[in-house]
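**Student:** Here you go, coords.pdb (PDB, C-alpha atoms and all ligand atoms):
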ATOM      1  CA  MET A   1      16.121  13.040 -32.579  1.00  0.00           C
ATOM      2  CA  PRO A   2      16.826   9.404 -31.564  1.00  0.00           C
ATOM      3  CA  ALA A   3      14.674   7.914 -28.838  1.00  0.00           C
ATOM      4  CA  LYS A   4      15.540   8.395 -25.212  1.00  0.00           C
ATOM      5  CA  LEU A   5      13.151   7.588 -22.422  1.00  0.00           C
ATOM      6  CA  GLN A   6      12.118  10.848 -20.760  1.00  0.00           C
ATOM      7  CA  ASN A   7      13.631  11.516 -17.362  1.00  0.00           C
ATOM      8  CA  THR A   8      16.259   8.825 -17.786  1.00  0.00           C
ATOM      9  CA  PRO A   9      19.981   9.535 -17.666  1.00  0.00           C
ATOM     10  CA  PRO A  10      22.258   9.370 -20.723  1.00  0.00           C
ATOM     11  CA  ILE A  11      24.510   6.910 -18.903  1.00  0.00           C
ATOM     12  CA  PHE A  12      23.968   3.735 -16.875  1.00  0.00           C
ATOM     13  CA  CYS A  13      27.026   2.722 -14.845  1.00  0.00           C
ATOM     14  CA  ALA A  14      27.571  -1.070 -14.864  1.00  0.00           C
ATOM     15  CA  ILE A  15      28.007  -2.514 -11.386  1.00  0.00           C
ATOM     16  CA  ASP A  16      29.421  -5.933 -12.217  1.00  0.00           C
ATOM     17  CA  LYS A  17      29.937  -7.158  -8.663  1.00  0.00           C
ATOM     18  CA  PRO A  18      28.007  -9.513  -6.384  1.00  0.00           C
ATOM     19  CA  ASP A  19      28.767  -7.168  -3.506  1.00  0.00           C
ATOM     20  CA  LEU A  20      26.132  -4.940  -1.898  1.00  0.00           C
ATOM     21  CA  ASP A  21      28.570  -2.720   0.007  1.00  0.00           C
ATOM     22  CA  ALA A  22      30.602  -1.996  -3.129  1.00  0.00           C
ATOM     23  CA  ALA A  23      27.402  -1.243  -5.057  1.00  0.00           C
ATOM     24  CA  ILE A  24      26.153   1.108  -2.326  1.00  0.00           C
ATOM     25  CA  LYS A  25      29.522   2.881  -2.239  1.00  0.00           C
ATOM     26  CA  LEU A  26      29.438   3.423  -5.970  1.00  0.00           C
ATOM     27  CA  CYS A  27      25.812   4.611  -5.944  1.00  0.00           C
ATOM     28  CA  ALA A  28      26.742   7.064  -3.198  1.00  0.00           C
ATOM     29  CA  ALA A  29      29.597   8.390  -5.343  1.00  0.00           C
ATOM     30  CA  LEU A  30      27.259   8.808  -8.318  1.00  0.00           C
ATOM     31  CA  ASN A  31      24.381  10.247  -6.307  1.00  0.00           C
ATOM     32  CA  GLY A  32      23.500  13.701  -7.547  1.00  0.00           C
ATOM     33  CA  THR A  33      24.944  13.101 -11.035  1.00  0.00           C
ATOM     34  CA  ASN A  34      22.691  12.326 -13.992  1.00  0.00           C
ATOM     35  CA  ILE A  35      23.779   8.686 -14.087  1.00  0.00           C
ATOM     36  CA  GLY A  36      21.746   5.529 -13.472  1.00  0.00           C
ATOM     37  CA  ILE A  37      23.069   2.086 -12.620  1.00  0.00           C
ATOM     38  CA  LYS A  38      23.004  -1.222 -14.429  1.00  0.00           C
ATOM     39  CA  LEU A  39      22.679  -4.299 -12.227  1.00  0.00           C
ATOM     40  CA  GLY A  40      23.312  -7.617 -13.912  1.00  0.00           C
ATOM     41  CA  LEU A  41      23.370 -11.331 -13.321  1.00  0.00           C
ATOM     42  CA  GLU A  42      26.251 -11.301 -10.829  1.00  0.00           C
ATOM     43  CA  PHE A  43      24.504  -8.848  -8.531  1.00  0.00           C
ATOM     44  CA  PHE A  44      21.069 -10.434  -8.894  1.00  0.00           C
ATOM     45  CA  SER A  45      22.281 -14.031  -8.467  1.00  0.00           C
ATOM     46  CA  ALA A  46      24.025 -13.129  -5.233  1.00  0.00           C
ATOM     47  CA  LEU A  47      21.640 -10.595  -3.736  1.00  0.00           C
ATOM     48  CA  GLY A  48      18.276 -11.002  -5.464  1.00  0.00           C
ATOM     49  CA  ILE A  49      15.244  -8.722  -5.258  1.00  0.00           C
ATOM     50  CA  GLN A  50      16.160  -7.824  -1.697  1.00  0.00           C
ATOM     51  CA  GLY A  51      19.575  -6.508  -2.789  1.00  0.00           C
ATOM     52  CA  VAL A  52      17.994  -4.298  -5.448  1.00  0.00           C
ATOM     53  CA  LYS A  53      15.421  -3.059  -2.914  1.00  0.00           C
ATOM     54  CA  GLU A  54      18.268  -2.048  -0.570  1.00  0.00           C
ATOM     55  CA  ILE A  55      19.731   0.079  -3.334  1.00  0.00           C
ATOM     56  CA  GLN A  56      16.346   1.589  -4.176  1.00  0.00           C
ATOM     57  CA  LYS A  57      15.705   2.409  -0.514  1.00  0.00           C
ATOM     58  CA  LYS A  58      19.007   4.252  -0.169  1.00  0.00           C
ATOM     59  CA  PHE A  59      18.982   5.881  -3.630  1.00  0.00           C
ATOM     60  CA  PRO A  60      15.320   6.341  -4.592  1.00  0.00           C
ATOM     61  CA  ASN A  61      16.165   8.758  -7.406  1.00  0.00           C
ATOM     62  CA  THR A  62      18.713   6.542  -9.162  1.00  0.00           C
ATOM     63  CA  PRO A  63      17.198   4.894 -12.268  1.00  0.00           C
ATOM     64  CA  ILE A  64      18.046   1.197 -12.609  1.00  0.00           C
ATOM     65  CA  PHE A  65      18.583  -0.952 -15.685  1.00  0.00           C
ATOM     66  CA  MET A  66      18.141  -4.647 -14.747  1.00  0.00           C
ATOM     67  CA  ASP A  67      20.387  -6.452 -17.247  1.00  0.00           C
ATOM     68  CA  MET A  68      18.770  -9.897 -16.841  1.00  0.00           C
ATOM     69  CA  LYS A  69      19.025 -11.140 -20.448  1.00  0.00           C
ATOM     70  CA  TYR A  70      16.114 -13.540 -19.969  1.00  0.00           C
ATOM     71  CA  TYR A  71      15.888 -16.488 -22.387  1.00  0.00           C
ATOM     72  CA  ASP A  72      13.418 -19.365 -21.898  1.00  0.00           C
ATOM     73  CA  ILE A  73       9.999 -20.460 -23.146  1.00  0.00           C
ATOM     74  CA  PRO A  74       7.493 -17.577 -23.415  1.00  0.00           C
ATOM     75  CA  ASN A  75       5.498 -18.549 -20.322  1.00  0.00           C
ATOM     76  CA  THR A  76       8.587 -18.700 -18.102  1.00  0.00           C
ATOM     77  CA  VAL A  77      10.083 -15.456 -19.365  1.00  0.00           C
ATOM     78  CA  ALA A  78       6.723 -13.687 -18.982  1.00  0.00           C
ATOM     79  CA  GLY A  79       6.565 -14.898 -15.366  1.00  0.00           C
ATOM     80  CA  ALA A  80      10.092 -13.725 -14.647  1.00  0.00           C
ATOM     81  CA  VAL A  81       9.571 -10.317 -16.280  1.00  0.00           C
ATOM     82  CA  ALA A  82       6.301  -9.830 -14.372  1.00  0.00           C
ATOM     83  CA  ALA A  83       7.833 -10.909 -11.050  1.00  0.00           C
ATOM     84  CA  LEU A  84      10.799  -8.575 -11.462  1.00  0.00           C
ATOM     85  CA  THR A  85       9.231  -5.475 -12.987  1.00  0.00           C
ATOM     86  CA  HIS A  86       6.024  -5.363 -10.929  1.00  0.00           C
ATOM     87  CA  VAL A  87       8.029  -5.421  -7.720  1.00  0.00           C
ATOM     88  CA  LEU A  88      11.044  -3.276  -8.649  1.00  0.00           C
ATOM     89  CA  LYS A  89       9.663  -1.119 -11.502  1.00  0.00           C
ATOM     90  CA  PRO A  90      13.162  -0.527 -12.912  1.00  0.00           C
ATOM     91  CA  ALA A  91      13.626   1.954 -15.778  1.00  0.00           C
ATOM     92  CA  TYR A  92      14.801  -0.872 -18.058  1.00  0.00           C
ATOM     93  CA  VAL A  93      14.922  -4.672 -18.243  1.00  0.00           C
ATOM     94  CA  ASN A  94      16.076  -6.918 -21.096  1.00  0.00           C
ATOM     95  CA  VAL A  95      15.630 -10.332 -22.726  1.00  0.00           C
ATOM     96  CA  HIS A  96      17.477 -12.160 -25.525  1.00  0.00           C
ATOM     97  CA  ALA A  97      16.020 -11.490 -28.980  1.00  0.00           C
ATOM     98  CA  SER A  98      17.040 -15.018 -30.007  1.00  0.00           C
ATOM     99  CA  GLY A  99      14.294 -16.290 -27.671  1.00  0.00           C
ATOM    100  CA  GLY A 100      12.025 -15.475 -30.621  1.00  0.00           C
ATOM    101  CA  LEU A 101       8.928 -13.458 -31.442  1.00  0.00           C
ATOM    102  CA  ALA A 102       6.495 -15.295 -29.137  1.00  0.00           C
ATOM    103  CA  MET A 103       8.889 -15.043 -26.192  1.00  0.00           C
ATOM    104  CA  MET A 104       9.444 -11.330 -26.724  1.00  0.00           C
ATOM    105  CA  GLN A 105       5.708 -10.660 -27.135  1.00  0.00           C
ATOM    106  CA  ALA A 106       4.978 -12.520 -23.903  1.00  0.00           C
ATOM    107  CA  ALA A 107       7.699 -10.515 -22.136  1.00  0.00           C
ATOM    108  CA  ARG A 108       6.292  -7.253 -23.515  1.00  0.00           C
ATOM    109  CA  GLU A 109       2.817  -8.178 -22.305  1.00  0.00           C
ATOM    110  CA  ALA A 110       4.051  -9.074 -18.826  1.00  0.00           C
ATOM    111  CA  CYS A 111       6.277  -6.040 -18.306  1.00  0.00           C
ATOM    112  CA  HIS A 112       5.146  -3.317 -15.883  1.00  0.00           C
ATOM    113  CA  GLU A 113       4.095  -0.133 -17.676  1.00  0.00           C
ATOM    114  CA  ASP A 114       6.778   1.947 -15.922  1.00  0.00           C
ATOM    115  CA  THR A 115       9.571  -0.293 -17.236  1.00  0.00           C
ATOM    116  CA  ARG A 116      10.929  -0.209 -20.795  1.00  0.00           C
ATOM    117  CA  ILE A 117      11.925  -3.553 -22.231  1.00  0.00           C
ATOM    118  CA  LEU A 118      14.918  -4.100 -24.533  1.00  0.00           C
ATOM    119  CA  ALA A 119      16.434  -7.117 -26.295  1.00  0.00           C
ATOM    120  CA  VAL A 120      20.036  -8.226 -26.745  1.00  0.00           C
ATOM    121  CA  THR A 121      20.499  -8.991 -30.450  1.00  0.00           C
ATOM    122  CA  ILE A 122      23.624 -11.115 -30.259  1.00  0.00           C
ATOM    123  CA  LEU A 123      26.258 -11.322 -27.555  1.00  0.00           C
ATOM    124  CA  THR A 124      29.377  -9.331 -28.405  1.00  0.00           C
ATOM    125  CA  SER A 125      31.425 -12.337 -27.306  1.00  0.00           C
ATOM    126  CA  PHE A 126      30.361 -14.022 -30.576  1.00  0.00           C
ATOM    127  CA  ASP A 127      32.676 -13.586 -33.549  1.00  0.00           C
ATOM    128  CA  GLU A 128      31.969 -14.874 -37.074  1.00  0.00           C
ATOM    129  CA  ASN A 129      33.486 -18.229 -36.190  1.00  0.00           C
ATOM    130  CA  GLY A 130      31.501 -18.622 -32.982  1.00  0.00           C
ATOM    131  CA  ILE A 131      28.269 -17.704 -34.684  1.00  0.00           C
ATOM    132  CA  SER A 132      28.688 -20.306 -37.391  1.00  0.00           C
ATOM    133  CA  GLU A 133      29.777 -22.906 -34.788  1.00  0.00           C
ATOM    134  CA  ALA A 134      26.502 -22.208 -32.961  1.00  0.00           C
ATOM    135  CA  GLY A 135      24.642 -23.059 -36.173  1.00  0.00           C
ATOM    136  CA  TYR A 136      23.494 -19.590 -37.197  1.00  0.00           C
ATOM    137  CA  GLN A 137      23.599 -19.070 -40.923  1.00  0.00           C
ATOM    138  CA  ALA A 138      23.716 -15.288 -41.189  1.00  0.00           C
ATOM    139  CA  GLY A 139      26.949 -13.451 -40.331  1.00  0.00           C
ATOM    140  CA  VAL A 140      27.106 -11.222 -37.268  1.00  0.00           C
ATOM    141  CA  LYS A 141      25.846  -8.004 -38.939  1.00  0.00           C
ATOM    142  CA  ASP A 142      22.988  -9.698 -40.797  1.00  0.00           C
ATOM    143  CA  ARG A 143      21.928 -11.453 -37.639  1.00  0.00           C
ATOM    144  CA  VAL A 144      22.003  -8.241 -35.628  1.00  0.00           C
ATOM    145  CA  VAL A 145      19.701  -6.576 -38.183  1.00  0.00           C
ATOM    146  CA  GLN A 146      17.407  -9.612 -38.303  1.00  0.00           C
ATOM    147  CA  MET A 147      17.154  -9.685 -34.492  1.00  0.00           C
ATOM    148  CA  ALA A 148      16.605  -5.918 -34.251  1.00  0.00           C
ATOM    149  CA  LYS A 149      13.708  -6.142 -36.741  1.00  0.00           C
ATOM    150  CA  LEU A 150      12.197  -9.057 -34.822  1.00  0.00           C
ATOM    151  CA  THR A 151      12.500  -7.080 -31.583  1.00  0.00           C
ATOM    152  CA  GLN A 152      10.665  -4.175 -33.164  1.00  0.00           C
ATOM    153  CA  THR A 153       7.962  -6.465 -34.567  1.00  0.00           C
ATOM    154  CA  ALA A 154       7.445  -7.887 -31.075  1.00  0.00           C
ATOM    155  CA  GLY A 155       6.770  -4.333 -29.848  1.00  0.00           C
ATOM    156  CA  LEU A 156       9.767  -4.007 -27.535  1.00  0.00           C
ATOM    157  CA  ASP A 157      11.187  -0.546 -26.878  1.00  0.00           C
ATOM    158  CA  GLY A 158      14.669  -1.105 -28.265  1.00  0.00           C
ATOM    159  CA  ILE A 159      17.862  -3.118 -28.137  1.00  0.00           C
ATOM    160  CA  VAL A 160      21.289  -3.359 -26.555  1.00  0.00           C
ATOM    161  CA  CYS A 161      23.882  -3.029 -29.311  1.00  0.00           C
ATOM    162  CA  SER A 162      27.514  -2.260 -30.053  1.00  0.00           C
ATOM    163  CA  SER A 163      28.441   1.321 -30.914  1.00  0.00           C
ATOM    164  CA  HIS A 164      29.546   0.040 -34.321  1.00  0.00           C
ATOM    165  CA  GLU A 165      25.999  -1.099 -35.067  1.00  0.00           C
ATOM    166  CA  ILE A 166      24.258   2.200 -34.261  1.00  0.00           C
ATOM    167  CA  ASP A 167      24.139   3.432 -37.886  1.00  0.00           C
ATOM    168  CA  LEU A 168      22.863   0.127 -39.178  1.00  0.00           C
ATOM    169  CA  ILE A 169      20.119  -0.194 -36.554  1.00  0.00           C
ATOM    170  CA  ARG A 170      19.021   3.442 -36.836  1.00  0.00           C
ATOM    171  CA  ASP A 171      18.666   2.978 -40.617  1.00  0.00           C
ATOM    172  CA  THR A 172      16.686  -0.221 -40.110  1.00  0.00           C
ATOM    173  CA  CYS A 173      14.556   0.597 -37.073  1.00  0.00           C
ATOM    174  CA  GLY A 174      14.222   4.400 -37.141  1.00  0.00           C
ATOM    175  CA  ASP A 175      14.555   7.139 -34.533  1.00  0.00           C
ATOM    176  CA  ASP A 176      11.928   5.907 -32.082  1.00  0.00           C
ATOM    177  CA  PHE A 177      13.835   2.765 -31.188  1.00  0.00           C
ATOM    178  CA  ILE A 178      15.934   2.892 -27.998  1.00  0.00           C
ATOM    179  CA  LEU A 179      19.601   1.927 -28.416  1.00  0.00           C
ATOM    180  CA  MET A 180      21.451   1.095 -25.187  1.00  0.00           C
ATOM    181  CA  VAL A 181      25.151   0.959 -26.037  1.00  0.00           C
ATOM    182  CA  PRO A 182      28.009  -0.652 -24.030  1.00  0.00           C
ATOM    183  CA  GLY A 183      31.685  -0.858 -25.066  1.00  0.00           C
ATOM    184  CA  ILE A 184      32.280   2.853 -24.372  1.00  0.00           C
ATOM    185  CA  ARG A 185      35.645   4.295 -23.438  1.00  0.00           C
ATOM    186  CA  PRO A 186      36.438   7.962 -22.761  1.00  0.00           C
ATOM    187  CA  ALA A 187      39.426   9.127 -24.839  1.00  0.00           C
ATOM    188  CA  GLY A 188      42.666   7.909 -23.275  1.00  0.00           C
ATOM    189  CA  SER A 189      41.170   5.252 -20.967  1.00  0.00           C
ATOM    190  CA  GLU A 190      41.983   1.527 -20.863  1.00  0.00           C
ATOM    191  CA  ALA A 191      40.017  -0.652 -23.298  1.00  0.00           C
ATOM    192  CA  GLY A 192      40.212  -3.709 -20.989  1.00  0.00           C
ATOM    193  CA  ASP A 193      38.564  -6.692 -22.711  1.00  0.00           C
ATOM    194  CA  GLN A 194      36.356  -4.494 -24.916  1.00  0.00           C
ATOM    195  CA  LYS A 195      37.490  -4.809 -28.521  1.00  0.00           C
ATOM    196  CA  ARG A 196      35.268  -2.433 -30.470  1.00  0.00           C
ATOM    197  CA  ILE A 197      35.080   0.754 -28.480  1.00  0.00           C
ATOM    198  CA  MET A 198      33.932   4.325 -29.029  1.00  0.00           C
ATOM    199  CA  THR A 199      34.038   7.503 -26.928  1.00  0.00           C
ATOM    200  CA  PRO A 200      30.852   8.629 -25.147  1.00  0.00           C
ATOM    201  CA  ARG A 201      30.470  11.688 -27.368  1.00  0.00           C
ATOM    202  CA  GLU A 202      31.009   9.723 -30.604  1.00  0.00           C
ATOM    203  CA  ALA A 203      28.422   7.098 -29.644  1.00  0.00           C
ATOM    204  CA  MET A 204      25.812   9.703 -28.638  1.00  0.00           C
ATOM    205  CA  ASP A 205      26.474  11.705 -31.807  1.00  0.00           C
ATOM    206  CA  LYS A 206      25.923   8.554 -33.851  1.00  0.00           C
ATOM    207  CA  GLY A 207      22.494   8.137 -32.280  1.00  0.00           C
ATOM    208  CA  ALA A 208      22.813   6.060 -29.098  1.00  0.00           C
ATOM    209  CA  SER A 209      19.938   6.662 -26.654  1.00  0.00           C
ATOM    210  CA  HIS A 210      21.907   5.582 -23.576  1.00  0.00           C
ATOM    211  CA  LEU A 211      25.460   4.438 -22.854  1.00  0.00           C
ATOM    212  CA  VAL A 212      26.480   1.616 -20.525  1.00  0.00           C
ATOM    213  CA  ILE A 213      29.826   2.436 -18.928  1.00  0.00           C
ATOM    214  CA  GLY A 214      31.488   0.258 -16.299  1.00  0.00           C
ATOM    215  CA  ARG A 215      35.191   0.191 -15.518  1.00  0.00           C
ATOM    216  CA  PRO A 216      36.110   3.720 -16.661  1.00  0.00           C
ATOM    217  CA  ILE A 217      33.908   4.886 -13.757  1.00  0.00           C
ATOM    218  CA  THR A 218      33.940   1.985 -11.278  1.00  0.00           C
ATOM    219  CA  GLN A 219      37.723   1.531 -11.324  1.00  0.00           C
ATOM    220  CA  ALA A 220      38.649   5.195 -11.409  1.00  0.00           C
ATOM    221  CA  ASN A 221      40.433   6.611  -8.352  1.00  0.00           C
ATOM    222  CA  ASP A 222      37.605   9.090  -8.107  1.00  0.00           C
ATOM    223  CA  PRO A 223      34.449   7.592  -9.667  1.00  0.00           C
ATOM    224  CA  LYS A 224      32.401  10.760  -9.141  1.00  0.00           C
ATOM    225  CA  SER A 225      34.804  13.019 -11.014  1.00  0.00           C
ATOM    226  CA  SER A 226      35.321  10.424 -13.749  1.00  0.00           C
ATOM    227  CA  ALA A 227      31.526  10.252 -14.154  1.00  0.00           C
ATOM    228  CA  GLN A 228      31.253  14.041 -14.147  1.00  0.00           C
ATOM    229  CA  ASN A 229      34.016  14.358 -16.770  1.00  0.00           C
ATOM    230  CA  ILE A 230      32.166  11.919 -19.016  1.00  0.00           C
ATOM    231  CA  LEU A 231      28.896  13.845 -18.571  1.00  0.00           C
ATOM    232  CA  ASN A 232      30.754  17.089 -19.319  1.00  0.00           C
ATOM    233  CA  SER A 233      32.073  15.576 -22.557  1.00  0.00           C
ATOM    234  CA  LEU A 234      28.418  15.245 -23.661  1.00  0.00           C
ATOM    235  CA  ASN A 235      27.528  18.828 -22.764  1.00  0.00           C
ATOM    236  CA  GLY A 236      26.401  21.131 -25.493  1.00  0.00           C
ATOM    237  CA  ALA A 237      25.169  18.267 -27.630  1.00  0.00           C
ATOM    238  CA  SER A 238      21.549  18.144 -28.691  1.00  0.00           C
ATOM    239  CA  TYR A 239      20.457  14.991 -26.827  1.00  0.00           C
TER     240      TYR A 239
HETATM  241  O1  LIG A 301      33.445  -2.100 -17.861  1.00  0.00           O
HETATM  242  P1  LIG A 301      32.717  -1.941 -19.160  1.00  0.00           P
HETATM  243  O2  LIG A 301      32.437  -0.496 -19.519  1.00  0.00           O
HETATM  244  O3  LIG A 301      33.368  -2.711 -20.274  1.00  0.00           O
HETATM  245  O4  LIG A 301      31.291  -2.615 -18.886  1.00  0.00           O
HETATM  246  C1  LIG A 301      30.357  -2.780 -19.903  1.00  0.00           C
HETATM  247  C2  LIG A 301      29.132  -3.436 -19.356  1.00  0.00           C
HETATM  248  O5  LIG A 301      28.251  -3.680 -20.446  1.00  0.00           O
HETATM  249  C3  LIG A 301      29.347  -4.797 -18.692  1.00  0.00           C
HETATM  250  O6  LIG A 301      28.349  -4.923 -17.682  1.00  0.00           O
HETATM  251  C4  LIG A 301      29.099  -5.790 -19.790  1.00  0.00           C
HETATM  252  O7  LIG A 301      28.642  -7.026 -19.320  1.00  0.00           O
HETATM  253  C5  LIG A 301      27.983  -5.075 -20.558  1.00  0.00           C
HETATM  254  N1  LIG A 301      27.808  -5.452 -21.935  1.00  0.00           N
HETATM  255  C6  LIG A 301      28.825  -5.419 -22.871  1.00  0.00           C
HETATM  256  N2  LIG A 301      28.582  -5.792 -24.169  1.00  0.00           N
HETATM  257  C7  LIG A 301      27.339  -6.186 -24.500  1.00  0.00           C
HETATM  258  C8  LIG A 301      26.309  -6.224 -23.573  1.00  0.00           C
HETATM  259  C9  LIG A 301      26.575  -5.849 -22.276  1.00  0.00           C
HETATM  260  O8  LIG A 301      29.946  -5.021 -22.557  1.00  0.00           O
HETATM  261  N3  LIG A 301      27.091  -6.498 -25.763  1.00  0.00           N
END
If you convert what's in this file into structure tokens, what do you get?
**Tutor:**
Amino acid sequence: MPAKLQNTPPIFCAIDKPDLDAAIKLCAALNGTNIGIKLGLEFFSALGIQGVKEIQKKFPNTPIFMDMKYYDIPNTVAGAVAALTHVLKPAYVNVHASGGLAMMQAAREACHEDTRILAVTILTSFDENGISEAGYQAGVKDRVVQMAKLTQTAGLDGIVCSSHEIDLIRDTCGDDFILMVPGIRPAGSEAGDQKRIMTPREAMDKGASHLVIGRPITQANDPKSSAQNILNSLNGASY
């Protein structure tokens, strides 16, 4: 069975707002469901460690994925990962795989033992044209595989990847690698700006470890029931 960190939820809900009250409201709606939250650069830039601590104080049982996408020289990234994870001990944090082997190894070393560390292979905003403009020689798929292998060599726990890359990465990196998958849309919901989408059930059946789902929950009239419906769609499956 594909890797999934024990005692972590199948879904992390993306809170893409620099707004503590909105985040608290959403956490309250999700409280009691088996869903964690993903806090990213918008939230952290506006509200910092203190903002995350507020959430943890109010919702101590909600697992958090800190989507920081760190990218800098190894020493700096190690310092940032240590500062963040030793204080907050989130379930997950991430870096950019393109920071290279030494950067990822330093991040791994610095990460608190209660936090799993993932890498972003390549931003989904890159298309073939953008990737060649940026000077990368391999096409998108080849680069994703190359970055996933490098991430595994560095000893990280897994990667963030598109649902359409699950097969490829599972074949390359095996079942013990954690795959955190955004770009998920329940059947019948708005795609928004996501181009390559998949339903929650399809992505889990393909071998995702966790799903990142934002707007289908956060912009629903009733976030709690939307979240519950998504969880129900996974019921009966073997993960
Ligand atoms: O609202 P939606 O479900 O599209 O939100 C998806 C979340 O996953 C957002 O926080 C977005 O930044 C993030 N994400 C993504 N694609 C990636 C990596 C992260 O959509 N490759």
**Student:** So which residues get picked by the PyMOL selection byres (((chain A and resi 96-105) around 8) and not hetatm) here, written as a ChimeraX atom specification?
**Tutor:** /A:69-75,77-78,94-95,106-109,119-122,147-148,150-151,153-156
**Student:** Taking the file above as input, evaluate the PyMOL selection byres (((not hetatm)) within 10 of (chain A and resi 301)) and report the hits as a ChimeraX atom specification.
**Tutor:** /A:12-17,38-42,67,69,120-126,160-163,180-186,190-197,211-219
**Student:** Since we have the selection now, will you write its residues out, keeping C-alpha atoms, as an mmCIF file, in the coordinates of the input?
**Tutor:**
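After the write, out_5.cif holds the following:
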data_model
loop_
_atom_site.group_PDB
_atom_site.id
_atom_site.type_symbol
_atom_site.label_atom_id
_atom_site.label_comp_id
_atom_site.auth_asym_id
_atom_site.auth_seq_id
_atom_site.Cartn_x
_atom_site.Cartn_y
_atom_site.Cartn_z
ATOM 1 C CA PHE A 12 23.968 3.735 -16.875
ATOM 2 C CA CYS A 13 27.026 2.722 -14.845
ATOM 3 C CA ALA A 14 27.571 -1.070 -14.864
ATOM 4 C CA ILE A 15 28.007 -2.514 -11.386
ATOM 5 C CA ASP A 16 29.421 -5.933 -12.217
ATOM 6 C CA LYS A 17 29.937 -7.158 -8.663
ATOM 7 C CA LYS A 38 23.004 -1.222 -14.429
ATOM 8 C CA LEU A 39 22.679 -4.299 -12.227
ATOM 9 C CA GLY A 40 23.312 -7.617 -13.912
ATOM 10 C CA LEU A 41 23.370 -11.331 -13.321
ATOM 11 C CA GLU A 42 26.251 -11.301 -10.829
ATOM 12 C CA ASP A 67 20.387 -6.452 -17.247
ATOM 13 C CA LYS A 69 19.025 -11.140 -20.448
ATOM 14 C CA VAL A 120 20.036 -8.226 -26.745
ATOM 15 C CA THR A 121 20.499 -8.991 -30.450
ATOM 16 C CA ILE A 122 23.624 -11.115 -30.259
ATOM 17 C CA LEU A 123 26.258 -11.322 -27.555
ATOM 18 C CA THR A 124 29.377 -9.331 -28.405
ATOM 19 C CA SER A 125 31.425 -12.337 -27.306
ATOM 20 C CA PHE A 126 30.361 -14.022 -30.576
ATOM 21 C CA VAL A 160 21.289 -3.359 -26.555
ATOM 22 C CA CYS A 161 23.882 -3.029 -29.311
ATOM 23 C CA SER A 162 27.514 -2.260 -30.053
ATOM 24 C CA SER A 163 28.441 1.321 -30.914
ATOM 25 C CA MET A 180 21.451 1.095 -25.187
ATOM 26 C CA VAL A 181 25.151 0.959 -26.037
ATOM 27 C CA PRO A 182 28.009 -0.652 -24.030
ATOM 28 C CA GLY A 183 31.685 -0.858 -25.066
ATOM 29 C CA ILE A 184 32.280 2.853 -24.372
ATOM 30 C CA ARG A 185 35.645 4.295 -23.438
ATOM 31 C CA PRO A 186 36.438 7.962 -22.761
ATOM 32 C CA GLU A 190 41.983 1.527 -20.863
ATOM 33 C CA ALA A 191 40.017 -0.652 -23.298
ATOM 34 C CA GLY A 192 40.212 -3.709 -20.989
ATOM 35 C CA ASP A 193 38.564 -6.692 -22.711
ATOM 36 C CA GLN A 194 36.356 -4.494 -24.916
ATOM 37 C CA LYS A 195 37.490 -4.809 -28.521
ATOM 38 C CA ARG A 196 35.268 -2.433 -30.470
ATOM 39 C CA ILE A 197 35.080 0.754 -28.480
ATOM 40 C CA LEU A 211 25.460 4.438 -22.854
ATOM 41 C CA VAL A 212 26.480 1.616 -20.525
ATOM 42 C CA ILE A 213 29.826 2.436 -18.928
ATOM 43 C CA GLY A 214 31.488 0.258 -16.299
ATOM 44 C CA ARG A 215 35.191 0.191 -15.518
ATOM 45 C CA PRO A 216 36.110 3.720 -16.661
ATOM 46 C CA ILE A 217 33.908 4.886 -13.757
ATOM 47 C CA THR A 218 33.940 1.985 -11.278
ATOM 48 C CA GLN A 219 37.723 1.531 -11.324
#
**Student:** If I take atom CA of A:Thr33 and atom CA of A:Asn235, how far is one from the other in Å, to one decimal?
**Tutor:**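 Straight-line distance from atom CA of A:Thr33 to atom CA of A:Asn235 works out to 13.3 Å.
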**Student:** If we count all atoms listed in the file, what is near A:Gln50 at a cut-off of 12 Å, once residues fewer than 4 positions away on the same chain are taken out, given as an MDAnalysis selection string?
**Tutor:** chainID A and resid 20 43:46 54:57 84 87:88
**Student:** Restricting it to C-alpha atoms, dump the selection as a PDB file, in the coordinates of the input.
**Tutor:**
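Contents of again23.pdb, freshly written:
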ATOM      1  CA  LEU A  20      26.132  -4.940  -1.898  1.00  0.00           C
ATOM      2  CA  PHE A  43      24.504  -8.848  -8.531  1.00  0.00           C
ATOM      3  CA  PHE A  44      21.069 -10.434  -8.894  1.00  0.00           C
ATOM      4  CA  SER A  45      22.281 -14.031  -8.467  1.00  0.00           C
ATOM      5  CA  ALA A  46      24.025 -13.129  -5.233  1.00  0.00           C
ATOM      6  CA  GLU A  54      18.268  -2.048  -0.570  1.00  0.00           C
ATOM      7  CA  ILE A  55      19.731   0.079  -3.334  1.00  0.00           C
ATOM      8  CA  GLN A  56      16.346   1.589  -4.176  1.00  0.00           C
ATOM      9  CA  LYS A  57      15.705   2.409  -0.514  1.00  0.00           C
ATOM     10  CA  LEU A  84      10.799  -8.575 -11.462  1.00  0.00           C
ATOM     11  CA  VAL A  87       8.029  -5.421  -7.720  1.00  0.00           C
ATOM     12  CA  LEU A  88      11.044  -3.276  -8.649  1.00  0.00           C
TER      13      LEU A  88
END
**Student:** When you draw a straight line from atom CA of A:Asn221 to atom CA of A:Met198, how long is it in Å?
**Tutor:**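 Interatomic distance here is 21.8 Å.
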**Student:** One number please: atom CA of A:His86 to atom CA of A:His210, in Å, one decimal.
**Tutor:**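 Answer for the atom CA of A:His86 to atom CA of A:His210 separation: 23.1 Å.
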**Student:** Care to translate the PyMOL selection byres (((chain A and resi 28) around 12) and not hetatm) into actual residues of this file, as a list in words?
**Tutor:**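 That expression, the PyMOL selection byres (((chain A and resi 28) around 12) and not hetatm), corresponds here to Asp21, Ala22, Ala23, Ile24, Lys25, Leu26, Cys27, Ala29, Leu30, Asn31, Gly32, Thr33, Ile35, Gly36, Ile37, Ile55, Gln56, Lys58, Phe59, Pro60, Asn61, Thr62, Thr218, Pro223 and Lys224 of chain A.
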